[in-house]
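Structure file start-v2.txt (compact mmCIF, C-alpha atoms) is printed below.
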# COMPACT_ATOMS: atom_id res chain seq x y z
CA MET A 182 27.00 181.25 167.29
CA THR A 183 25.93 177.80 168.42
CA PRO A 184 27.15 174.54 166.86
CA ALA A 185 24.81 172.72 164.54
CA ARG A 186 23.72 169.24 165.44
CA PRO A 187 25.89 167.12 163.16
CA GLY A 188 24.05 165.02 160.59
CA ARG A 189 25.33 162.89 157.75
CA ASP A 190 28.11 164.84 155.98
CA TRP A 191 27.39 167.89 158.16
CA PRO A 192 30.55 168.24 160.25
CA ALA A 193 30.43 169.77 163.71
CA ALA A 194 32.91 172.38 162.46
CA ILE A 195 30.07 173.94 160.44
CA ARG A 196 28.25 176.36 162.70
CA GLU A 197 24.74 177.68 162.62
CA GLY A 198 22.53 179.53 165.05
CA PRO A 199 19.78 182.09 165.53
CA GLY A 200 20.58 185.76 165.15
CA GLY A 201 24.10 187.00 164.59
CA TRP A 202 25.82 188.94 161.86
CA ILE A 203 28.23 188.49 158.97
CA ALA A 204 30.62 191.23 157.85
CA LEU A 205 31.96 191.43 154.29
CA ARG A 206 34.99 193.45 153.25
CA ASP A 207 36.65 193.67 149.82
CA GLY A 208 34.44 190.92 148.45
CA ARG A 209 35.30 188.45 151.21
CA VAL A 210 33.79 187.31 154.49
CA ALA A 211 35.67 189.33 157.10
CA ALA A 212 34.06 188.12 160.33
CA TYR A 213 30.88 186.84 161.94
CA GLY A 214 29.51 186.69 165.46
CA PRO A 215 26.47 186.46 167.73
CA ALA A 216 23.82 189.13 168.08
CA GLY A 217 24.96 192.08 170.18
CA THR A 218 28.58 191.94 169.01
CA GLU A 219 28.15 193.63 165.65
CA PRO A 220 30.85 195.99 164.35
CA ALA A 221 30.17 199.60 165.31
CA ARG A 222 30.27 200.87 161.72
CA ALA A 223 29.58 199.54 158.25
CA ALA A 224 29.36 201.17 154.83
CA ARG A 225 26.04 199.39 154.32
CA THR A 226 23.86 197.21 156.52
CA LEU A 227 21.36 194.67 155.19
CA SER A 228 18.76 193.23 157.54
CA ALA A 229 18.01 189.51 157.47
CA ALA A 230 15.74 189.59 160.52
CA GLY A 231 13.47 186.56 160.65
CA ARG A 232 15.05 185.02 157.55
CA LEU A 233 17.46 182.17 156.86
CA VAL A 234 20.95 183.05 155.59
CA THR A 235 23.06 180.48 153.74
CA PRO A 236 26.13 180.46 151.54
CA GLY A 237 25.26 181.14 147.93
CA LEU A 238 24.20 178.03 146.02
CA ILE A 239 26.48 176.86 143.22
CA ASN A 240 25.27 175.54 139.87
CA THR A 241 27.60 172.92 138.41
CA HIS A 242 25.76 172.19 135.15
CA HIS A 243 23.63 174.31 132.85
CA HIS A 244 22.97 175.12 129.19
CA LEU A 245 21.86 178.75 129.35
CA TYR A 246 21.19 179.11 125.61
CA GLN A 247 18.37 176.58 125.93
CA ASN A 248 16.03 179.03 127.66
CA LEU A 249 15.34 180.28 124.13
CA THR A 250 13.49 176.99 123.47
CA ARG A 251 11.95 176.49 126.88
CA SER A 252 9.05 174.00 127.05
CA TYR A 253 9.16 173.53 123.27
CA ALA A 254 6.02 171.44 122.72
CA PRO A 255 7.25 169.07 119.97
CA ALA A 256 10.11 167.85 122.21
CA VAL A 257 8.79 167.72 125.77
CA ASN A 258 7.57 164.11 125.83
CA GLY A 259 10.44 162.40 124.05
CA THR A 260 13.49 160.47 125.22
CA LEU A 261 16.79 162.30 125.66
CA PHE A 262 17.94 161.44 122.15
CA THR A 263 14.55 162.37 120.61
CA TRP A 264 14.58 165.66 122.52
CA LEU A 265 18.08 166.49 121.28
CA THR A 266 17.47 165.68 117.63
CA THR A 267 14.27 167.77 117.68
CA LEU A 268 16.02 170.84 119.07
CA TYR A 269 19.39 170.77 117.31
CA PRO A 270 17.98 172.33 114.11
CA LEU A 271 16.48 175.22 116.13
CA TRP A 272 19.75 175.81 118.00
CA ALA A 273 21.53 176.15 114.66
CA ALA A 274 20.13 179.72 114.58
CA LEU A 275 22.15 180.80 117.63
CA ASP A 276 24.22 183.95 117.23
CA GLU A 277 25.95 186.37 119.61
CA GLU A 278 22.78 188.36 120.29
CA ALA A 279 20.81 185.22 121.12
CA VAL A 280 23.50 183.89 123.45
CA HIS A 281 23.88 187.26 125.18
CA LEU A 282 20.13 187.46 125.85
CA ALA A 283 19.86 183.85 126.99
CA THR A 284 22.80 184.35 129.34
CA TYR A 285 21.43 187.63 130.74
CA VAL A 286 17.97 186.15 131.41
CA GLY A 287 19.44 182.91 132.73
CA ILE A 288 21.71 184.68 135.21
CA ALA A 289 18.79 186.82 136.38
CA GLU A 290 16.73 183.70 137.05
CA LEU A 291 19.64 181.98 138.79
CA LEU A 292 20.12 184.96 141.10
CA MET A 293 16.47 184.82 142.15
CA GLY A 294 16.92 181.11 142.94
CA GLY A 295 19.82 181.79 145.30
CA CYS A 296 22.67 181.01 142.91
CA THR A 297 25.86 183.03 143.27
CA THR A 298 28.17 180.93 141.06
CA SER A 299 27.21 179.10 137.89
CA THR A 300 28.93 177.05 135.26
CA ASP A 301 27.58 176.87 131.74
CA HIS A 302 28.12 174.08 129.25
CA HIS A 303 27.83 175.70 125.83
CA TYR A 304 28.48 173.09 123.16
CA VAL A 305 26.49 174.31 120.11
CA HIS A 306 28.67 176.52 117.90
CA PRO A 307 26.99 177.37 114.60
CA ARG A 308 28.87 180.70 114.72
CA PRO A 309 32.11 181.85 116.36
CA ARG A 310 32.60 183.86 119.57
CA LEU A 311 29.45 182.68 121.34
CA ILE A 312 31.23 181.98 124.62
CA ASP A 313 32.81 185.43 124.44
CA ALA A 314 29.26 186.81 124.46
CA GLN A 315 28.45 184.77 127.56
CA ILE A 316 31.52 185.88 129.45
CA ARG A 317 31.00 189.56 128.60
CA THR A 318 27.42 189.29 129.89
CA ALA A 319 28.49 187.71 133.18
CA GLN A 320 31.18 190.39 133.59
CA GLU A 321 28.62 193.12 132.94
CA LEU A 322 26.35 191.73 135.68
CA GLY A 323 29.11 191.05 138.22
CA PHE A 324 28.21 187.36 138.42
CA ARG A 325 30.62 184.56 139.32
CA PHE A 326 30.77 182.46 136.16
CA HIS A 327 32.64 179.36 135.02
CA ALA A 328 32.28 179.18 131.25
CA THR A 329 33.00 175.80 129.70
CA ARG A 330 34.09 175.53 126.09
CA GLY A 331 31.80 172.77 124.89
CA SER A 332 32.07 171.12 121.51
CA MET A 333 30.58 168.63 119.08
CA THR A 334 32.52 167.19 116.15
CA ARG A 335 30.57 164.03 115.29
CA SER A 336 27.54 164.95 113.17
CA THR A 337 24.82 162.72 111.78
CA GLU A 338 27.08 162.20 108.77
CA ASP A 339 29.68 160.67 111.13
CA GLY A 340 27.27 158.52 113.16
CA GLY A 341 26.45 161.18 115.77
CA LEU A 342 23.21 162.96 116.69
CA PRO A 343 23.65 166.67 115.76
CA PRO A 344 23.43 168.07 112.24
CA ARG A 345 26.62 169.29 110.58
CA SER A 346 25.44 172.91 111.05
CA VAL A 347 26.19 172.85 114.81
CA THR A 348 29.44 170.86 114.80
CA GLN A 349 33.05 171.93 114.28
CA THR A 350 36.34 170.31 113.38
CA ALA A 351 38.68 169.16 116.12
CA GLU A 352 41.21 171.77 115.01
CA GLU A 353 38.65 174.57 115.39
CA VAL A 354 37.63 173.31 118.83
CA LEU A 355 41.14 173.01 120.22
CA ALA A 356 42.30 176.37 118.85
CA ASP A 357 39.29 178.20 120.26
CA SER A 358 39.58 176.37 123.58
CA GLU A 359 43.12 177.63 124.05
CA ARG A 360 42.16 181.14 122.90
CA LEU A 361 39.34 181.37 125.44
CA VAL A 362 41.47 180.14 128.32
CA ARG A 363 44.23 182.60 127.54
CA ALA A 364 41.79 185.48 127.05
CA TYR A 365 39.47 185.00 130.01
CA HIS A 366 40.47 182.34 132.53
CA ASP A 367 41.43 183.89 135.87
CA PRO A 368 43.20 181.40 138.16
CA ALA A 369 43.56 183.93 140.99
CA PRO A 370 41.72 183.44 144.31
CA GLY A 371 38.30 185.09 144.28
CA ALA A 372 38.07 185.06 140.48
CA LEU A 373 34.72 185.91 138.92
CA ILE A 374 35.53 184.33 135.54
CA ARG A 375 37.07 180.93 134.89
CA VAL A 376 37.09 178.69 131.83
CA ALA A 377 36.96 174.90 131.59
CA LEU A 378 37.04 172.55 128.57
CA ALA A 379 33.93 170.51 127.89
CA PRO A 380 33.31 168.25 124.88
CA CYS A 381 29.60 167.54 124.96
CA SER A 382 29.47 163.77 125.37
CA PRO A 383 31.00 160.47 124.23
CA PHE A 384 28.53 160.27 121.35
CA SER A 385 29.07 163.78 119.96
CA VAL A 386 32.87 164.07 119.67
CA THR A 387 35.61 161.77 118.46
CA ARG A 388 37.98 159.77 120.62
CA GLU A 389 40.82 161.92 119.32
CA LEU A 390 39.18 165.15 120.51
CA MET A 391 38.44 163.71 123.96
CA THR A 392 42.09 162.74 124.34
CA ALA A 393 43.46 166.01 122.98
CA THR A 394 41.15 168.04 125.21
CA ALA A 395 42.36 166.21 128.32
CA GLU A 396 45.95 166.90 127.30
CA LEU A 397 45.20 170.58 126.65
CA ALA A 398 43.49 170.96 130.04
CA GLU A 399 46.55 169.48 131.71
CA ARG A 400 48.86 171.86 129.87
CA LEU A 401 46.72 174.95 130.60
CA ASP A 402 45.81 173.78 134.13
CA VAL A 403 42.04 174.13 133.74
CA ARG A 404 39.18 171.81 134.60
CA LEU A 405 37.30 169.32 132.41
CA HIS A 406 33.57 168.75 132.09
CA THR A 407 31.26 166.53 130.03
CA HIS A 408 28.06 164.49 130.20
CA LEU A 409 28.61 160.92 131.33
CA ALA A 410 26.35 157.88 131.84
CA GLU A 411 23.19 159.94 131.50
CA ASP A 412 20.97 157.56 129.57
CA PRO A 413 20.81 153.81 128.73
CA ASP A 414 21.07 154.74 125.05
CA GLU A 415 24.59 156.00 125.85
CA ASP A 416 25.56 152.51 127.05
CA THR A 417 24.34 151.04 123.78
CA TYR A 418 26.10 153.68 121.70
CA CYS A 419 29.46 153.26 123.45
CA LEU A 420 29.33 149.47 123.27
CA GLU A 421 28.53 149.55 119.55
CA THR A 422 30.98 152.37 118.69
CA TYR A 423 33.89 151.86 121.10
CA GLY A 424 33.38 148.29 122.30
CA CYS A 425 33.13 149.32 125.95
CA ARG A 426 30.86 151.01 128.46
CA PRO A 427 30.90 154.83 128.88
CA VAL A 428 33.03 154.91 132.06
CA GLU A 429 35.65 152.59 130.54
CA TYR A 430 35.77 154.78 127.44
CA PHE A 431 35.99 157.90 129.64
CA GLU A 432 39.03 156.42 131.38
CA SER A 433 40.67 155.32 128.12
CA VAL A 434 40.74 158.90 126.77
CA GLY A 435 42.48 160.34 129.84
CA TRP A 436 39.53 161.88 131.67
CA MET A 437 39.74 159.85 134.88
CA THR A 438 41.31 162.69 136.88
CA ASP A 439 40.51 164.99 139.78
CA ARG A 440 40.34 167.99 137.43
CA THR A 441 37.13 166.46 135.95
CA TRP A 442 33.50 166.76 136.93
CA VAL A 443 30.67 165.16 134.93
CA ALA A 444 26.97 165.79 134.53
CA HIS A 445 24.31 163.29 135.58
CA CYS A 446 26.29 160.02 136.03
CA VAL A 447 23.05 158.07 136.45
CA HIS A 448 24.00 154.67 135.06
CA PRO A 449 27.48 153.62 136.21
CA THR A 450 27.74 150.32 138.03
CA ALA A 451 28.85 150.18 141.67
CA GLU A 452 32.33 149.16 140.52
CA GLU A 453 32.45 152.07 138.06
CA ARG A 454 31.38 154.51 140.78
CA ALA A 455 34.24 153.27 142.94
CA ARG A 456 36.73 153.86 140.13
CA LEU A 457 35.41 157.37 139.51
CA ALA A 458 35.61 158.14 143.23
CA ALA A 459 39.16 156.84 143.53
CA ALA A 460 40.20 159.20 140.73
CA GLY A 461 38.52 162.21 142.36
CA VAL A 462 35.98 162.77 139.57
CA GLY A 463 33.05 164.99 140.63
CA VAL A 464 29.38 164.70 139.67
CA ALA A 465 26.81 167.38 138.88
CA HIS A 466 23.50 165.96 140.11
CA CYS A 467 20.52 167.36 138.13
CA PRO A 468 17.33 166.23 139.93
CA SER A 469 14.63 167.94 137.85
CA SER A 470 16.21 166.89 134.57
CA ASN A 471 16.43 163.31 135.82
CA MET A 472 12.72 163.34 136.64
CA LEU A 473 11.48 165.14 133.53
CA ILE A 474 13.46 162.98 131.11
CA ALA A 475 12.69 159.95 133.30
CA GLY A 476 16.06 158.33 132.71
CA GLY A 477 16.79 157.42 136.32
CA THR A 478 18.66 159.31 139.01
CA ALA A 479 22.19 159.29 140.36
CA ALA A 480 23.15 157.25 143.43
CA VAL A 481 24.05 160.47 145.23
CA GLN A 482 24.51 159.27 148.78
CA GLU A 483 26.43 156.20 147.64
CA MET A 484 28.76 158.48 145.69
CA ARG A 485 29.20 160.83 148.64
CA GLY A 486 29.91 157.86 150.85
CA LEU A 487 32.81 157.01 148.53
CA GLY A 488 34.17 160.53 148.97
CA MET A 489 33.14 161.79 145.52
CA PRO A 490 32.49 165.51 145.13
CA VAL A 491 28.76 165.76 144.31
CA GLY A 492 27.17 169.12 143.48
CA ILE A 493 23.87 170.43 142.15
CA GLY A 494 23.08 171.35 138.55
CA CYS A 495 20.01 172.93 136.95
CA ASP A 496 20.72 171.46 133.52
CA GLY A 497 19.41 173.19 130.44
CA SER A 498 16.22 175.17 130.45
CA ALA A 499 14.87 173.19 127.53
CA SER A 500 14.80 170.02 129.64
CA THR A 501 14.41 171.39 133.15
CA ASP A 502 12.57 174.59 132.14
CA HIS A 503 13.61 176.60 135.18
CA ALA A 504 16.80 177.89 136.78
CA SER A 505 16.08 177.82 140.52
CA LEU A 506 18.82 176.20 142.54
CA TRP A 507 16.45 176.23 145.51
CA LEU A 508 14.12 173.97 143.52
CA GLU A 509 17.02 171.71 142.50
CA THR A 510 18.20 171.46 146.11
CA ARG A 511 14.69 170.49 147.21
CA GLY A 512 14.59 168.01 144.32
CA ALA A 513 17.81 166.45 145.59
CA LEU A 514 16.23 166.06 149.03
CA LEU A 515 13.12 164.41 147.59
CA LEU A 516 14.92 162.12 145.15
CA GLY A 517 17.41 161.05 147.80
CA ARG A 518 14.59 160.01 150.12
CA TYR A 519 12.59 158.43 147.30
CA ARG A 520 15.61 156.36 146.36
CA GLY A 521 16.88 155.41 149.80
CA GLY A 522 14.11 155.91 152.33
CA PRO A 523 13.12 158.74 154.71
CA ALA A 524 16.45 158.76 156.55
CA ALA A 525 18.59 158.59 153.41
CA MET A 526 18.80 162.35 152.75
CA THR A 527 18.40 165.28 155.13
CA ALA A 528 17.86 168.95 154.38
CA ARG A 529 21.41 169.64 155.55
CA ASP A 530 22.74 166.98 153.21
CA ALA A 531 20.97 168.70 150.31
CA LEU A 532 22.27 172.13 151.34
CA ASP A 533 25.78 170.69 151.66
CA ILE A 534 25.57 169.25 148.13
CA ALA A 535 24.42 172.60 146.70
CA THR A 536 27.20 174.55 148.43
CA ARG A 537 30.34 172.72 149.55
CA GLY A 538 29.81 169.76 147.22
CA SER A 539 29.39 172.03 144.21
CA ALA A 540 32.46 174.05 145.23
CA ARG A 541 34.51 170.83 145.29
CA CYS A 542 33.35 169.99 141.77
CA LEU A 543 34.68 173.35 140.58
CA GLY A 544 37.97 173.03 142.43
CA ARG A 545 37.07 175.90 144.77
CA ALA A 546 36.38 174.18 148.08
CA ASP A 547 38.70 176.61 149.83
CA GLU A 548 36.68 179.75 149.06
CA LEU A 549 33.14 178.97 147.84
CA GLY A 550 30.15 177.24 149.43
CA GLN A 551 30.84 178.45 152.96
CA LEU A 552 30.79 181.62 155.04
CA ARG A 553 33.96 181.33 157.10
CA PRO A 554 36.31 184.32 157.30
CA GLY A 555 38.36 184.55 154.12
CA ALA A 556 35.76 182.87 151.91
CA CYS A 557 34.23 184.75 149.00
CA GLY A 558 31.43 187.07 150.07
CA ASP A 559 28.67 185.09 148.34
CA LEU A 560 25.50 184.65 150.40
CA VAL A 561 21.71 184.48 150.18
CA VAL A 562 19.01 185.76 152.51
CA TRP A 563 15.97 183.61 151.82
CA ASP A 564 12.34 184.66 151.49
CA THR A 565 9.68 182.06 152.28
CA PRO A 566 6.05 183.26 152.57
CA GLU A 567 5.06 183.68 156.21
CA VAL A 568 1.90 181.68 155.70
CA ALA A 569 3.96 178.75 154.37
CA LEU A 570 6.14 178.74 157.49
CA ALA A 571 3.24 178.86 159.95
CA GLY A 572 3.84 176.09 162.48
CA ALA A 573 7.42 175.38 161.33
CA LEU A 574 9.09 176.26 164.63
CA THR A 575 11.76 173.65 165.35
CA ASP A 576 14.31 173.73 162.51
CA PRO A 577 14.60 176.58 159.97
CA VAL A 578 16.95 174.65 157.64
CA VAL A 579 14.50 171.77 157.34
CA ALA A 580 11.57 174.17 156.93
CA TRP A 581 13.46 176.02 154.18
CA LEU A 582 13.30 172.95 151.91
CA ARG A 583 10.14 171.21 153.10
CA CYS A 584 7.79 174.21 153.13
CA ALA A 585 6.49 176.31 150.25
CA PRO A 586 8.75 177.69 147.50
CA SER A 587 11.54 179.98 148.64
CA ARG A 588 13.36 182.57 146.60
CA ALA A 589 16.12 185.02 147.28
CA TRP A 590 15.32 188.13 149.30
CA THR A 591 18.95 189.22 149.04
CA THR A 592 21.68 187.72 146.83
CA VAL A 593 25.25 188.93 147.30
CA VAL A 594 28.09 187.97 144.95
CA GLY A 595 31.58 188.96 146.00
CA GLY A 596 30.13 191.59 148.31
CA ARG A 597 27.96 193.10 145.56
CA VAL A 598 24.18 193.07 146.12
CA LEU A 599 22.47 191.75 142.98
CA VAL A 600 19.07 190.99 144.53
CA ASP A 601 17.74 193.40 147.16
CA GLY A 602 14.36 193.16 148.89
CA GLY A 603 13.38 190.38 146.51
CA GLU A 604 14.05 192.54 143.45
CA LEU A 605 16.78 192.04 140.88
CA GLN A 606 19.16 194.98 140.69
CA LEU A 607 19.34 194.76 136.89
CA PRO A 608 17.89 197.96 135.38
CA GLU A 609 17.95 196.60 131.83
CA LEU A 610 16.00 193.42 132.63
CA ALA A 611 12.65 194.52 131.13
CA THR A 612 14.32 195.48 127.85
CA LYS A 613 16.31 192.25 127.75
CA LEU A 614 13.17 190.19 128.32
CA ARG A 615 11.45 191.85 125.35
CA GLU A 616 14.47 191.22 123.16
CA HIS A 617 14.70 187.64 124.42
CA ALA A 618 11.05 187.04 123.46
CA ARG A 619 11.69 188.36 119.96
CA VAL A 620 14.69 186.08 119.42
CA ALA A 621 12.96 183.05 120.97
CA ARG A 622 9.97 183.46 118.64
CA ARG A 623 12.29 183.66 115.67
CA MET A 624 14.20 180.53 116.69
CA GLN A 625 11.00 178.57 117.28
CA ASN A 626 9.63 179.67 113.88
CA LEU A 627 6.63 181.40 115.50
CA ASP A 628 6.86 184.73 113.62

Would you mind writing the file's structure down as structure tokens?
Amino acid sequence: MTPARPGRDWPAAIREGPGGWIALRDGRVAAYGPAGTEPARAARTLSAAGRLVTPGLINTHHHLYQNLTRSYAPAVNGTLFTWLTTLYPLWAALDEEAVHLATYVGIAELLMGGCTTSTDHHYVHPRPRLIDAQIRTAQELGFRFHATRGSMTRSTEDGGLPPRSVTQTAEEVLADSERLVRAYHDPAPGALIRVALAPCSPFSVTRELMTATAELAERLDVRLHTHLAEDPDEDTYCLETYGCRPVEYFESVGWMTDRTWVAHCVHPTAEERARLAAAGVGVAHCPSSNMLIAGGTAAVQEMRGLGMPVGIGCDGSASTDHASLWLETRGALLLGRYRGGPAAMTARDALDIATRGSARCLGRADELGQLRPGACGDLVVWDTPEVALAGALTDPVVAWLRCAPSRAWTTVVGGRVLVDGGELQLPELATKLREHARVARRMQNLD
């Protein structure tokens, strides 16, 4: 292998080169080397000839249930708060079947977009055991999944945004959070299933629940996740309700810790970014959501310059309306350059954010987002149409993001092939799509 030319945040220790091979054993990367030095025998050989191979991309923020209300016409042109209040009544119909189908379809779409690990922020709980349904679905598919036990306790009756039908009491939230961690969280290296705790946002839960959740996460040794500084309306709400800005409130309830990563983080001041960085808080950057909701975009390179873990997130399908991490990684490249100029963000920066940066957000920098020996055997062989690559001869990593849409040719999770030859290896997908359509029509009142 030949060393990569180092770029910003692309250390010389990361190696890339033409040709070569990667061997996986027992779900881990066992070895790699240049062409001509391949192991003599393998149980199975996959060809990546003429294609780019990268570590699997890692999704640090999503709301899988929202693909049941994708591109819902009455909500698509509103502000964040308008969008939420329009959709909350529809989401009140969620049940275990709906969440299972949304999770199954969402994971299938993520796999085709090169994602090998995903979080999910499920915070709408009109019925119990919805996260159980998600976790069982991910286990069934063999997908690496970080479920987060989201929550909302402040309804419209308490000065919040959601209706009472989708909120819970603090006691219900905390009891179920501990139950889920004890039932499903696997702290072992290489784990496929982990659980984090994730109150939705400062304007949807009480101060008491934010504080108690941070204390519970410390006691159970799990990670914390929430939305933070996503929209100017959040600044107004926090000032009126708590007498301070969102980041100050976030710190006051015990969340300023390196076990925390937050979604969006578009509107902190430079001084607030420095405080978040000093505490080790990570950020899930959601480029398409930022653009579609038009609420601004995170100062990604400034945050990375401070040492903050910054990863990529799809965000919910009802705001982003897709689940391609390739598209989000390209979006990060474009937004970074739009914000800071043509030299502000490189293709390798964007790839680093979607792999190693995301792994840092999830507390798994030692085993995800890279293909060194000992890392989890999560990788993607990319398929870009030949006609789109015509003339792109000098740098395949740059061409991967600048040229026409790419999708996974092969996706491997823990050594298991889940996309092969551009086709999902999910025999029930057609049936699940029909069932998903039935449930989506019912939720959108189209029957």

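Minimum atom-to-atom distance to Arg375 of chain A, evaluated using all atoms listed in the file, belongs to A:Arg363 out of A:Arg583, A:Arg440, A:Arg537, A:Arg363.
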
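Atom CA of His303 of chain A sits 5.0 Å away from atom CA of Gly331 of chain A.
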
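Proximity of A:Ala379, A:Ile493, A:Leu292, A:Val620 to Val481 of chain A, computed with all atoms listed in the file, is greatest for A:Ile493.
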
Which residues of segment 473-512 of chain A come within 10 Å of segment 222-239 of chain A, and what is each one's closest atom pair and distance in Å (one decimal), counting all atoms listed in the file, sorted by chain and residue number, as JSON lines?
{"residue": "A:Gly492", "atom": "CA", "partner": "A:Ile239", "partner_atom": "CA", "distance": 7.8}
{"residue": "A:Ile493", "atom": "CA", "partner": "A:Ile239", "partner_atom": "CA", "distance": 7.0}
{"residue": "A:Gly494", "atom": "CA", "partner": "A:Ile239", "partner_atom": "CA", "distance": 8.0}
{"residue": "A:Cys495", "atom": "CA", "partner": "A:Ile239", "partner_atom": "CA", "distance": 9.8}
{"residue": "A:Ser505", "atom": "CA", "partner": "A:Leu238", "partner_atom": "CA", "distance": 9.8}
{"residue": "A:Leu506", "atom": "CA", "partner": "A:Leu238", "partner_atom": "CA", "distance": 6.7}
{"residue": "A:Trp507", "atom": "CA", "partner": "A:Leu238", "partner_atom": "CA", "distance": 8.0}
{"residue": "A:Thr510", "atom": "CA", "partner": "A:Leu238", "partner_atom": "CA", "distance": 8.9}

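Within the 9 Å cut-off around segment 482-491 of chain A, using all atoms listed in the file and omitting residues fewer than 3 positions from it on the same chain, the listed residues are Asp190, Trp442, Ala451, Arg454, Ala455, Leu457, Ala458, Ala459, Ala460, Gly461, Val462, Gly463, Val464, Ala465, His466, Ala479, Gly517, Gly521, Ala525, Met526, Ile534, Ala535, Arg537, Gly538, Ser539, Ala540, Arg541 and Cys542 of chain A.
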
Let me see the file: selected residues, C-alpha atoms, as a PDB file, in the frame of the given file.
ATOM      1  CA  ASP A 190      28.110 164.840 155.980  1.00  0.00           C
ATOM      2  CA  TRP A 442      33.500 166.760 136.930  1.00  0.00           C
ATOM      3  CA  ALA A 451      28.850 150.180 141.670  1.00  0.00           C
ATOM      4  CA  ARG A 454      31.380 154.510 140.780  1.00  0.00           C
ATOM      5  CA  ALA A 455      34.240 153.270 142.940  1.00  0.00           C
ATOM      6  CA  LEU A 457      35.410 157.370 139.510  1.00  0.00           C
ATOM      7  CA  ALA A 458      35.610 158.140 143.230  1.00  0.00           C
ATOM      8  CA  ALA A 459      39.160 156.840 143.530  1.00  0.00           C
ATOM      9  CA  ALA A 460      40.200 159.200 140.730  1.00  0.00           C
ATOM     10  CA  GLY A 461      38.520 162.210 142.360  1.00  0.00           C
ATOM     11  CA  VAL A 462      35.980 162.770 139.570  1.00  0.00           C
ATOM     12  CA  GLY A 463      33.050 164.990 140.630  1.00  0.00           C
ATOM     13  CA  VAL A 464      29.380 164.700 139.670  1.00  0.00           C
ATOM     14  CA  ALA A 465      26.810 167.380 138.880  1.00  0.00           C
ATOM     15  CA  HIS A 466      23.500 165.960 140.110  1.00  0.00           C
ATOM     16  CA  ALA A 479      22.190 159.290 140.360  1.00  0.00           C
ATOM     17  CA  GLY A 517      17.410 161.050 147.800  1.00  0.00           C
ATOM     18  CA  GLY A 521      16.880 155.410 149.800  1.00  0.00           C
ATOM     19  CA  ALA A 525      18.590 158.590 153.410  1.00  0.00           C
ATOM     20  CA  MET A 526      18.800 162.350 152.750  1.00  0.00           C
ATOM     21  CA  ILE A 534      25.570 169.250 148.130  1.00  0.00           C
ATOM     22  CA  ALA A 535      24.420 172.600 146.700  1.00  0.00           C
ATOM     23  CA  ARG A 537      30.340 172.720 149.550  1.00  0.00           C
ATOM     24  CA  GLY A 538      29.810 169.760 147.220  1.00  0.00           C
ATOM     25  CA  SER A 539      29.390 172.030 144.210  1.00  0.00           C
ATOM     26  CA  ALA A 540      32.460 174.050 145.230  1.00  0.00           C
ATOM     27  CA  ARG A 541      34.510 170.830 145.290  1.00  0.00           C
ATOM     28  CA  CYS A 542      33.350 169.990 141.770  1.00  0.00           C
TER      29      CYS A 542
END

For Pro608 of chain A, please output as an NGL selection string all residues within 12 Å (counting all atoms listed in the file; exclusion window: fewer than 5 positions along the same chain).
:A and (285 or 289 or 322 or 599-600 or 613-614)

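Remark: for Glu278 of chain A, the closest of the candidate residues A:His617, A:Arg325, A:Arg622, A:His302 is A:His617 (distances computed over all atoms listed in the file).
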
Is it possible to get the residues within 12 Å of (11.6, 165.0, 126.2) (coordinates as in the file, counting all atoms listed in the file) written as a PyMOL selection string?
chain A and resi 251-268+470-476+498-502

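Going from atom CA of Leu405 of chain A to atom CA of Cys446 of chain A covers 14.9 Å.
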